[in-house]
Amino acid sequence: PYLMSIFANWKETMKRRRKAGHRNELGTNLERVEMTMHVGTHIDALGHVSIGDRLFNNRSAENVVTNWGLEELGAEHIPPMITRGLLFDVGGKEGLESGQVVSVDDLKRAADHGKFTVEVGDVAMIRTGWGRHYEVDNAKYLDGEPGIDVAGAEWLINQGVVAIAADNMAVEVLPNPDPSLSLPVHQLALADHGVYLIENL
């Protein structure tokens, strides 16, 4: 299910050759077969999601995203994160259930319980308990998840975190409580604020 075929068209291949300094306008059409690396524990690059055409720092997806990958905002540009990691244990002994929102109050209670305050530059690590289903009950793990909503993400971002991590596949609650929204925390964190998301931690 993770294999996919991508068609690289003449415009994209010519654009890359121009960038490499070739002057003869060679365009090629070819097919590539790839496997997504967006599985297991990983960090979402800032170019992972857009709001319409807009990526982080008002870059245009039209200019940045190509059939060959991201021209900017790719994972290769993620700086080292040598900082303090804060564990927000909101899952307790039993863990949370799919679709359960981790609220701002839940985060504050977890911080009080852990006896810490969030400082600029910290990484927030949220333990929902959902990771207990990973490779144990994959159908359940992939069907939804507990996680933060936009309010929870805004609270963490306003505290100055550089990344938000969780023991689930998307950091944010799935399905979203508002069925008309798809991955709004991704848009808020990555496209609006440049805050990384670390998934399946």
# chains A, B, ... in the order shown; residues from 1 in each chain; ligands from 1

$ select_by_dssp --residues "range 9-185 of chain A" --states "helix (DSSP H, G or I)" --output "VMD selection string"
chain A and resid 10 to 19 46 to 48 56 to 58 61 to 64 75 to 77 104 to 114 130 to 133 138 to 143 150 to 159 184 to 185

$ residues_around --residues "His42 in chain A" --least-positions-apart "6" --cutoff "10 Å" --atoms "only C-alpha atoms" --output "list in words"
Ala75, Ala165, Met169, Leu197, Ile198, Glu199, Asn200 and Leu201 of chain A

$ residues_around --residues "Asp122 in chain A" --least-positions-apart "3" --cutoff "12 Å" --atoms "only C-alpha atoms" --output "list in words"
Met81, Ile82, Thr83, Arg84, Gly85, Leu86, Leu87, Phe116, Thr117, Val118, Glu119, Met125, Leu156, Ile157, Asn158, Gln159, Gly160, Val161, Val162, Ala163, Ile164, Ala165, Val195 and Tyr196 of chain A

$ write_last_selection --atoms "N, CA and C atoms" --output "PDB file, in the first residue's frame"
ATOM      1  N   MET A  81      17.853  19.579  16.777  1.00  0.00           N
ATOM      2  CA  MET A  81      17.035  20.011  17.912  1.00  0.00           C
ATOM      3  C   MET A  81      17.690  19.482  19.182  1.00  0.00           C
ATOM      4  N   ILE A  82      18.654  20.213  19.663  1.00  0.00           N
ATOM      5  CA  ILE A  82      19.329  19.856  20.905  1.00  0.00           C
ATOM      6  C   ILE A  82      18.722  20.761  21.961  1.00  0.00           C
ATOM      7  N   THR A  83      17.719  20.237  22.632  1.00  0.00           N
ATOM      8  CA  THR A  83      16.923  21.057  23.525  1.00  0.00           C
ATOM      9  C   THR A  83      16.240  20.174  24.555  1.00  0.00           C
ATOM     10  N   ARG A  84      15.416  20.788  25.344  1.00  0.00           N
ATOM     11  CA  ARG A  84      14.691  20.068  26.387  1.00  0.00           C
ATOM     12  C   ARG A  84      13.413  19.476  25.814  1.00  0.00           C
ATOM     13  N   GLY A  85      13.169  18.207  26.110  1.00  0.00           N
ATOM     14  CA  GLY A  85      11.924  17.557  25.716  1.00  0.00           C
ATOM     15  C   GLY A  85      11.020  17.438  26.929  1.00  0.00           C
ATOM     16  N   LEU A  86       9.782  17.862  26.785  1.00  0.00           N
ATOM     17  CA  LEU A  86       8.825  17.832  27.887  1.00  0.00           C
ATOM     18  C   LEU A  86       7.767  16.768  27.617  1.00  0.00           C
ATOM     19  N   LEU A  87       7.596  15.849  28.561  1.00  0.00           N
ATOM     20  CA  LEU A  87       6.616  14.776  28.385  1.00  0.00           C
ATOM     21  C   LEU A  87       5.274  15.171  29.000  1.00  0.00           C
ATOM     22  N   PHE A 116       6.692  21.022  35.466  1.00  0.00           N
ATOM     23  CA  PHE A 116       7.488  21.826  34.538  1.00  0.00           C
ATOM     24  C   PHE A 116       6.631  22.918  33.925  1.00  0.00           C
ATOM     25  N   THR A 117       7.301  23.933  33.420  1.00  0.00           N
ATOM     26  CA  THR A 117       6.655  24.963  32.613  1.00  0.00           C
ATOM     27  C   THR A 117       7.333  24.942  31.248  1.00  0.00           C
ATOM     28  N   VAL A 118       6.579  25.268  30.238  1.00  0.00           N
ATOM     29  CA  VAL A 118       7.112  25.256  28.876  1.00  0.00           C
ATOM     30  C   VAL A 118       7.932  26.528  28.669  1.00  0.00           C
ATOM     31  N   GLU A 119       9.104  26.349  28.069  1.00  0.00           N
ATOM     32  CA  GLU A 119       9.975  27.483  27.759  1.00  0.00           C
ATOM     33  C   GLU A 119      10.220  27.538  26.256  1.00  0.00           C
ATOM     34  N   MET A 125       6.317  16.688  23.952  1.00  0.00           N
ATOM     35  CA  MET A 125       6.073  15.289  23.591  1.00  0.00           C
ATOM     36  C   MET A 125       4.807  14.829  24.305  1.00  0.00           C
ATOM     37  N   LEU A 156       0.507  25.407  22.763  1.00  0.00           N
ATOM     38  CA  LEU A 156       1.911  24.982  22.751  1.00  0.00           C
ATOM     39  C   LEU A 156       2.770  25.925  21.910  1.00  0.00           C
ATOM     40  N   ILE A 157       2.277  26.303  20.750  1.00  0.00           N
ATOM     41  CA  ILE A 157       3.013  27.206  19.864  1.00  0.00           C
ATOM     42  C   ILE A 157       3.217  28.560  20.536  1.00  0.00           C
ATOM     43  N   ASN A 158       2.199  29.056  21.222  1.00  0.00           N
ATOM     44  CA  ASN A 158       2.325  30.340  21.922  1.00  0.00           C
ATOM     45  C   ASN A 158       3.316  30.295  23.073  1.00  0.00           C
ATOM     46  N   GLN A 159       3.603  29.084  23.575  1.00  0.00           N
ATOM     47  CA  GLN A 159       4.620  28.934  24.625  1.00  0.00           C
ATOM     48  C   GLN A 159       6.022  28.933  24.025  1.00  0.00           C
ATOM     49  N   GLY A 160       6.117  28.794  22.702  1.00  0.00           N
ATOM     50  CA  GLY A 160       7.417  28.869  22.039  1.00  0.00           C
ATOM     51  C   GLY A 160       8.073  27.547  21.705  1.00  0.00           C
ATOM     52  N   VAL A 161       7.297  26.449  21.672  1.00  0.00           N
ATOM     53  CA  VAL A 161       7.902  25.158  21.324  1.00  0.00           C
ATOM     54  C   VAL A 161       8.402  25.166  19.874  1.00  0.00           C
ATOM     55  N   VAL A 162       9.446  24.397  19.606  1.00  0.00           N
ATOM     56  CA  VAL A 162       9.968  24.295  18.241  1.00  0.00           C
ATOM     57  C   VAL A 162       9.421  23.065  17.530  1.00  0.00           C
ATOM     58  N   ALA A 163       8.876  22.122  18.313  1.00  0.00           N
ATOM     59  CA  ALA A 163       8.294  20.916  17.723  1.00  0.00           C
ATOM     60  C   ALA A 163       7.268  20.342  18.693  1.00  0.00           C
ATOM     61  N   ILE A 164       6.283  19.650  18.110  1.00  0.00           N
ATOM     62  CA  ILE A 164       5.274  18.938  18.895  1.00  0.00           C
ATOM     63  C   ILE A 164       5.317  17.491  18.432  1.00  0.00           C
ATOM     64  N   ALA A 165       5.499  16.582  19.386  1.00  0.00           N
ATOM     65  CA  ALA A 165       5.604  15.159  19.078  1.00  0.00           C
ATOM     66  C   ALA A 165       4.472  14.408  19.762  1.00  0.00           C
ATOM     67  N   VAL A 195       6.517  25.228  13.036  1.00  0.00           N
ATOM     68  CA  VAL A 195       6.750  24.329  14.167  1.00  0.00           C
ATOM     69  C   VAL A 195       6.650  22.899  13.649  1.00  0.00           C
ATOM     70  N   TYR A 196       7.695  22.123  13.879  1.00  0.00           N
ATOM     71  CA  TYR A 196       7.745  20.758  13.353  1.00  0.00           C
ATOM     72  C   TYR A 196       6.812  19.829  14.114  1.00  0.00           C
TER      73      TYR A 196
END

$ atom_distance --atom1 "CA of Asp167 in chain A" --atom2 "CA of Ile126 in chain A"
6.8 Å

$ residues_around --residues "Lys93 in chain A" --least-positions-apart "4" --cutoff "10 Å" --atoms "only C-alpha atoms" --output "PyMOL selection string"
chain A and resi 89+128-129

$ closest_residue --among "A:Lys108, A:Arg54, A:Arg16, A:His113" --to "Asn67 in chain A" --atoms "only C-alpha atoms"
A:Arg16

$ closest_residue --among "A:Trp68, A:Trp130, A:Trp10, A:Phe56" --to "Glu94 in chain A" --atoms "only C-alpha atoms"
A:Trp130

$ residues_around --residues "Asn176 in chain A" --least-positions-apart "2" --cutoff "12 Å" --atoms "only C-alpha atoms" --output "list in words"
Ser98, Gly99, Gln100, Val101, Val102, Gly144, Glu145, Pro146, Gly147, Ile148, Asp149, Val150, Ala170, Val171, Glu172, Val173, Leu174, Asp178, Pro179, Ser180, Leu181, Ser182, Leu183, Pro184, Val185 and His186 of chain A

$ write_last_selection --atoms "N, CA, C and O atoms" --output "mmCIF file, in the first residue's frame"
data_model
loop_
_atom_site.group_PDB
_atom_site.id
_atom_site.type_symbol
_atom_site.label_atom_id
_atom_site.label_comp_id
_atom_site.auth_asym_id
_atom_site.auth_seq_id
_atom_site.Cartn_x
_atom_site.Cartn_y
_atom_site.Cartn_z
ATOM 1 N N SER A 98 -9.683 6.698 20.353
ATOM 2 C CA SER A 98 -9.735 7.336 19.051
ATOM 3 C C SER A 98 -10.738 8.490 19.055
ATOM 4 O O SER A 98 -11.841 8.348 19.568
ATOM 5 N N GLY A 99 -10.337 9.617 18.497
ATOM 6 C CA GLY A 99 -11.221 10.772 18.414
ATOM 7 C C GLY A 99 -11.275 11.610 19.679
ATOM 8 O O GLY A 99 -11.950 12.642 19.702
ATOM 9 N N GLN A 100 -10.568 11.211 20.723
ATOM 10 C CA GLN A 100 -10.583 11.956 21.988
ATOM 11 C C GLN A 100 -9.631 13.139 21.891
ATOM 12 O O GLN A 100 -8.454 12.982 21.577
ATOM 13 N N VAL A 101 -10.138 14.336 22.163
ATOM 14 C CA VAL A 101 -9.349 15.562 22.068
ATOM 15 C C VAL A 101 -8.497 15.738 23.321
ATOM 16 O O VAL A 101 -8.984 15.624 24.440
ATOM 17 N N VAL A 102 -7.221 16.044 23.109
ATOM 18 C CA VAL A 102 -6.327 16.455 24.188
ATOM 19 C C VAL A 102 -6.438 17.980 24.249
ATOM 20 O O VAL A 102 -5.976 18.684 23.351
ATOM 21 N N GLY A 144 -8.109 5.999 13.413
ATOM 22 C CA GLY A 144 -8.305 7.286 14.059
ATOM 23 C C GLY A 144 -7.310 7.386 15.183
ATOM 24 O O GLY A 144 -6.455 6.510 15.330
ATOM 25 N N GLU A 145 -7.406 8.448 15.994
ATOM 26 C CA GLU A 145 -6.469 8.578 17.115
ATOM 27 C C GLU A 145 -6.865 9.722 18.032
ATOM 28 O O GLU A 145 -7.503 10.680 17.596
ATOM 29 N N PRO A 146 -6.459 9.637 19.298
ATOM 30 C CA PRO A 146 -6.586 10.798 20.172
ATOM 31 C C PRO A 146 -5.459 11.772 19.841
ATOM 32 O O PRO A 146 -4.430 11.372 19.285
ATOM 33 N N GLY A 147 -5.657 13.026 20.144
ATOM 34 C CA GLY A 147 -4.594 14.005 19.891
ATOM 35 C C GLY A 147 -5.060 15.413 20.166
ATOM 36 O O GLY A 147 -6.220 15.655 20.515
ATOM 37 N N ILE A 148 -4.141 16.351 19.993
ATOM 38 C CA ILE A 148 -4.466 17.760 20.236
ATOM 39 C C ILE A 148 -5.356 18.291 19.121
ATOM 40 O O ILE A 148 -5.352 17.783 18.003
ATOM 41 N N ASP A 149 -6.100 19.313 19.483
ATOM 42 C CA ASP A 149 -6.880 20.045 18.480
ATOM 43 C C ASP A 149 -6.157 21.359 18.213
ATOM 44 O O ASP A 149 -5.049 21.591 18.713
ATOM 45 N N VAL A 150 -6.771 22.236 17.436
ATOM 46 C CA VAL A 150 -6.142 23.513 17.094
ATOM 47 C C VAL A 150 -5.858 24.335 18.349
ATOM 48 O O VAL A 150 -4.786 24.927 18.478
ATOM 49 N N ALA A 170 -0.397 11.212 13.593
ATOM 50 C CA ALA A 170 -0.590 12.550 13.028
ATOM 51 C C ALA A 170 -0.487 13.672 14.058
ATOM 52 O O ALA A 170 -0.735 14.818 13.708
ATOM 53 N N VAL A 171 -0.163 13.375 15.296
ATOM 54 C CA VAL A 171 -0.112 14.335 16.401
ATOM 55 C C VAL A 171 -1.504 14.832 16.763
ATOM 56 O O VAL A 171 -1.873 14.853 17.930
ATOM 57 N N GLU A 172 -2.300 15.197 15.782
ATOM 58 C CA GLU A 172 -3.609 15.775 16.065
ATOM 59 C C GLU A 172 -4.718 14.716 16.108
ATOM 60 O O GLU A 172 -4.568 13.612 15.593
ATOM 61 N N VAL A 173 -5.820 15.104 16.716
ATOM 62 C CA VAL A 173 -6.960 14.200 16.869
ATOM 63 C C VAL A 173 -7.540 13.834 15.500
ATOM 64 O O VAL A 173 -7.663 14.681 14.612
ATOM 65 N N LEU A 174 -7.845 12.546 15.341
ATOM 66 C CA LEU A 174 -8.470 12.036 14.116
ATOM 67 C C LEU A 174 -9.617 11.099 14.485
ATOM 68 O O LEU A 174 -9.425 10.234 15.340
ATOM 69 N N ASP A 178 -14.516 18.686 13.852
ATOM 70 C CA ASP A 178 -15.254 19.373 12.791
ATOM 71 C C ASP A 178 -15.012 18.591 11.507
ATOM 72 O O ASP A 178 -13.926 18.655 10.929
ATOM 73 N N PRO A 179 -16.012 17.815 11.041
ATOM 74 C CA PRO A 179 -15.799 16.963 9.869
ATOM 75 C C PRO A 179 -15.486 17.721 8.587
ATOM 76 O O PRO A 179 -15.079 17.115 7.597
ATOM 77 N N SER A 180 -15.630 19.050 8.602
ATOM 78 C CA SER A 180 -15.307 19.831 7.404
ATOM 79 C C SER A 180 -13.822 20.208 7.353
ATOM 80 O O SER A 180 -13.379 20.835 6.396
ATOM 81 N N LEU A 181 -13.050 19.826 8.380
ATOM 82 C CA LEU A 181 -11.626 20.163 8.429
ATOM 83 C C LEU A 181 -10.762 18.912 8.326
ATOM 84 O O LEU A 181 -11.062 17.888 8.933
ATOM 85 N N SER A 182 -9.689 19.027 7.577
ATOM 86 C CA SER A 182 -8.719 17.945 7.452
ATOM 87 C C SER A 182 -7.349 18.448 7.900
ATOM 88 O O SER A 182 -6.820 19.400 7.329
ATOM 89 N N LEU A 183 -6.803 17.851 8.951
ATOM 90 C CA LEU A 183 -5.469 18.146 9.474
ATOM 91 C C LEU A 183 -5.188 19.643 9.701
ATOM 92 O O LEU A 183 -4.152 20.164 9.292
ATOM 93 N N PRO A 184 -6.081 20.352 10.402
ATOM 94 C CA PRO A 184 -5.851 21.778 10.637
ATOM 95 C C PRO A 184 -4.654 22.062 11.536
ATOM 96 O O PRO A 184 -4.039 23.137 11.434
ATOM 97 N N VAL A 185 -4.296 21.128 12.435
ATOM 98 C CA VAL A 185 -3.115 21.340 13.281
ATOM 99 C C VAL A 185 -1.851 21.324 12.421
ATOM 100 O O VAL A 185 -0.923 22.104 12.650
ATOM 101 N N HIS A 186 -1.827 20.457 11.406
ATOM 102 C CA HIS A 186 -0.694 20.445 10.477
ATOM 103 C C HIS A 186 -0.544 21.810 9.806
ATOM 104 O O HIS A 186 0.565 22.340 9.704
#

$ atom_distance --atom1 "CA of Glu154 in chain A" --atom2 "CA of His77 in chain A"
23.7 Å

$ atom_distance --atom1 "CA of Ala110 in chain A" --atom2 "CA of Ala189 in chain A"
20.9 Å

$ closest_residue --among "A:Ala151, A:Ala139, A:Leu190, A:Ile51" --to "Asp105 in chain A" --atoms "only C-alpha atoms"
A:Ala151

$ select_by_dssp --residues "range 109-166 of chain A" --states "strand (DSSP E or B)" --output "PyMOL selection string"
chain A and resi 123-127+145+147-148+163-166

$ write_last_selection --atoms "N, CA, C and O atoms" --output "CSV table (one decimal), in the first residue's frame"
chain,number,residue,atom,x,y,z
A,123,VAL,N,10.7,21.1,23.1
A,123,VAL,CA,9.9,20.2,22.3
A,123,VAL,C,8.9,19.6,23.2
A,123,VAL,O,9.2,19.0,24.3
A,124,ALA,N,7.6,19.7,22.8
A,124,ALA,CA,6.5,19.1,23.6
A,124,ALA,C,6.3,17.7,23.0
A,124,ALA,O,6.1,17.5,21.9
A,125,MET,N,6.3,16.7,24.0
A,125,MET,CA,6.1,15.3,23.6
A,125,MET,C,4.8,14.8,24.3
A,125,MET,O,4.7,14.8,25.5
A,126,ILE,N,3.8,14.5,23.5
A,126,ILE,CA,2.5,14.1,24.1
A,126,ILE,C,2.3,12.6,24.1
A,126,ILE,O,2.3,12.0,23.0
A,127,ARG,N,2.1,12.0,25.3
A,127,ARG,CA,1.8,10.6,25.4
A,127,ARG,C,0.3,10.4,25.6
A,127,ARG,O,-0.2,10.7,26.6
A,145,GLU,N,-7.4,8.4,16.0
A,145,GLU,CA,-6.5,8.6,17.1
A,145,GLU,C,-6.9,9.7,18.0
A,145,GLU,O,-7.5,10.7,17.6
A,147,GLY,N,-5.7,13.0,20.1
A,147,GLY,CA,-4.6,14.0,19.9
A,147,GLY,C,-5.1,15.4,20.2
A,147,GLY,O,-6.2,15.7,20.5
A,148,ILE,N,-4.1,16.4,20.0
A,148,ILE,CA,-4.5,17.8,20.2
A,148,ILE,C,-5.4,18.3,19.1
A,148,ILE,O,-5.4,17.8,18.0
A,163,ALA,N,8.9,22.1,18.3
A,163,ALA,CA,8.3,20.9,17.7
A,163,ALA,C,7.3,20.3,18.7
A,163,ALA,O,7.4,20.5,19.9
A,164,ILE,N,6.3,19.6,18.1
A,164,ILE,CA,5.3,18.9,18.9
A,164,ILE,C,5.3,17.5,18.4
A,164,ILE,O,5.2,17.2,17.2
A,165,ALA,N,5.5,16.6,19.4
A,165,ALA,CA,5.6,15.2,19.1
A,165,ALA,C,4.5,14.4,19.8
A,165,ALA,O,3.9,14.9,20.8
A,166,ALA,N,4.2,13.2,19.2
A,166,ALA,CA,3.1,12.4,19.9
A,166,ALA,C,3.3,10.9,19.5
A,166,ALA,O,4.0,10.6,18.5
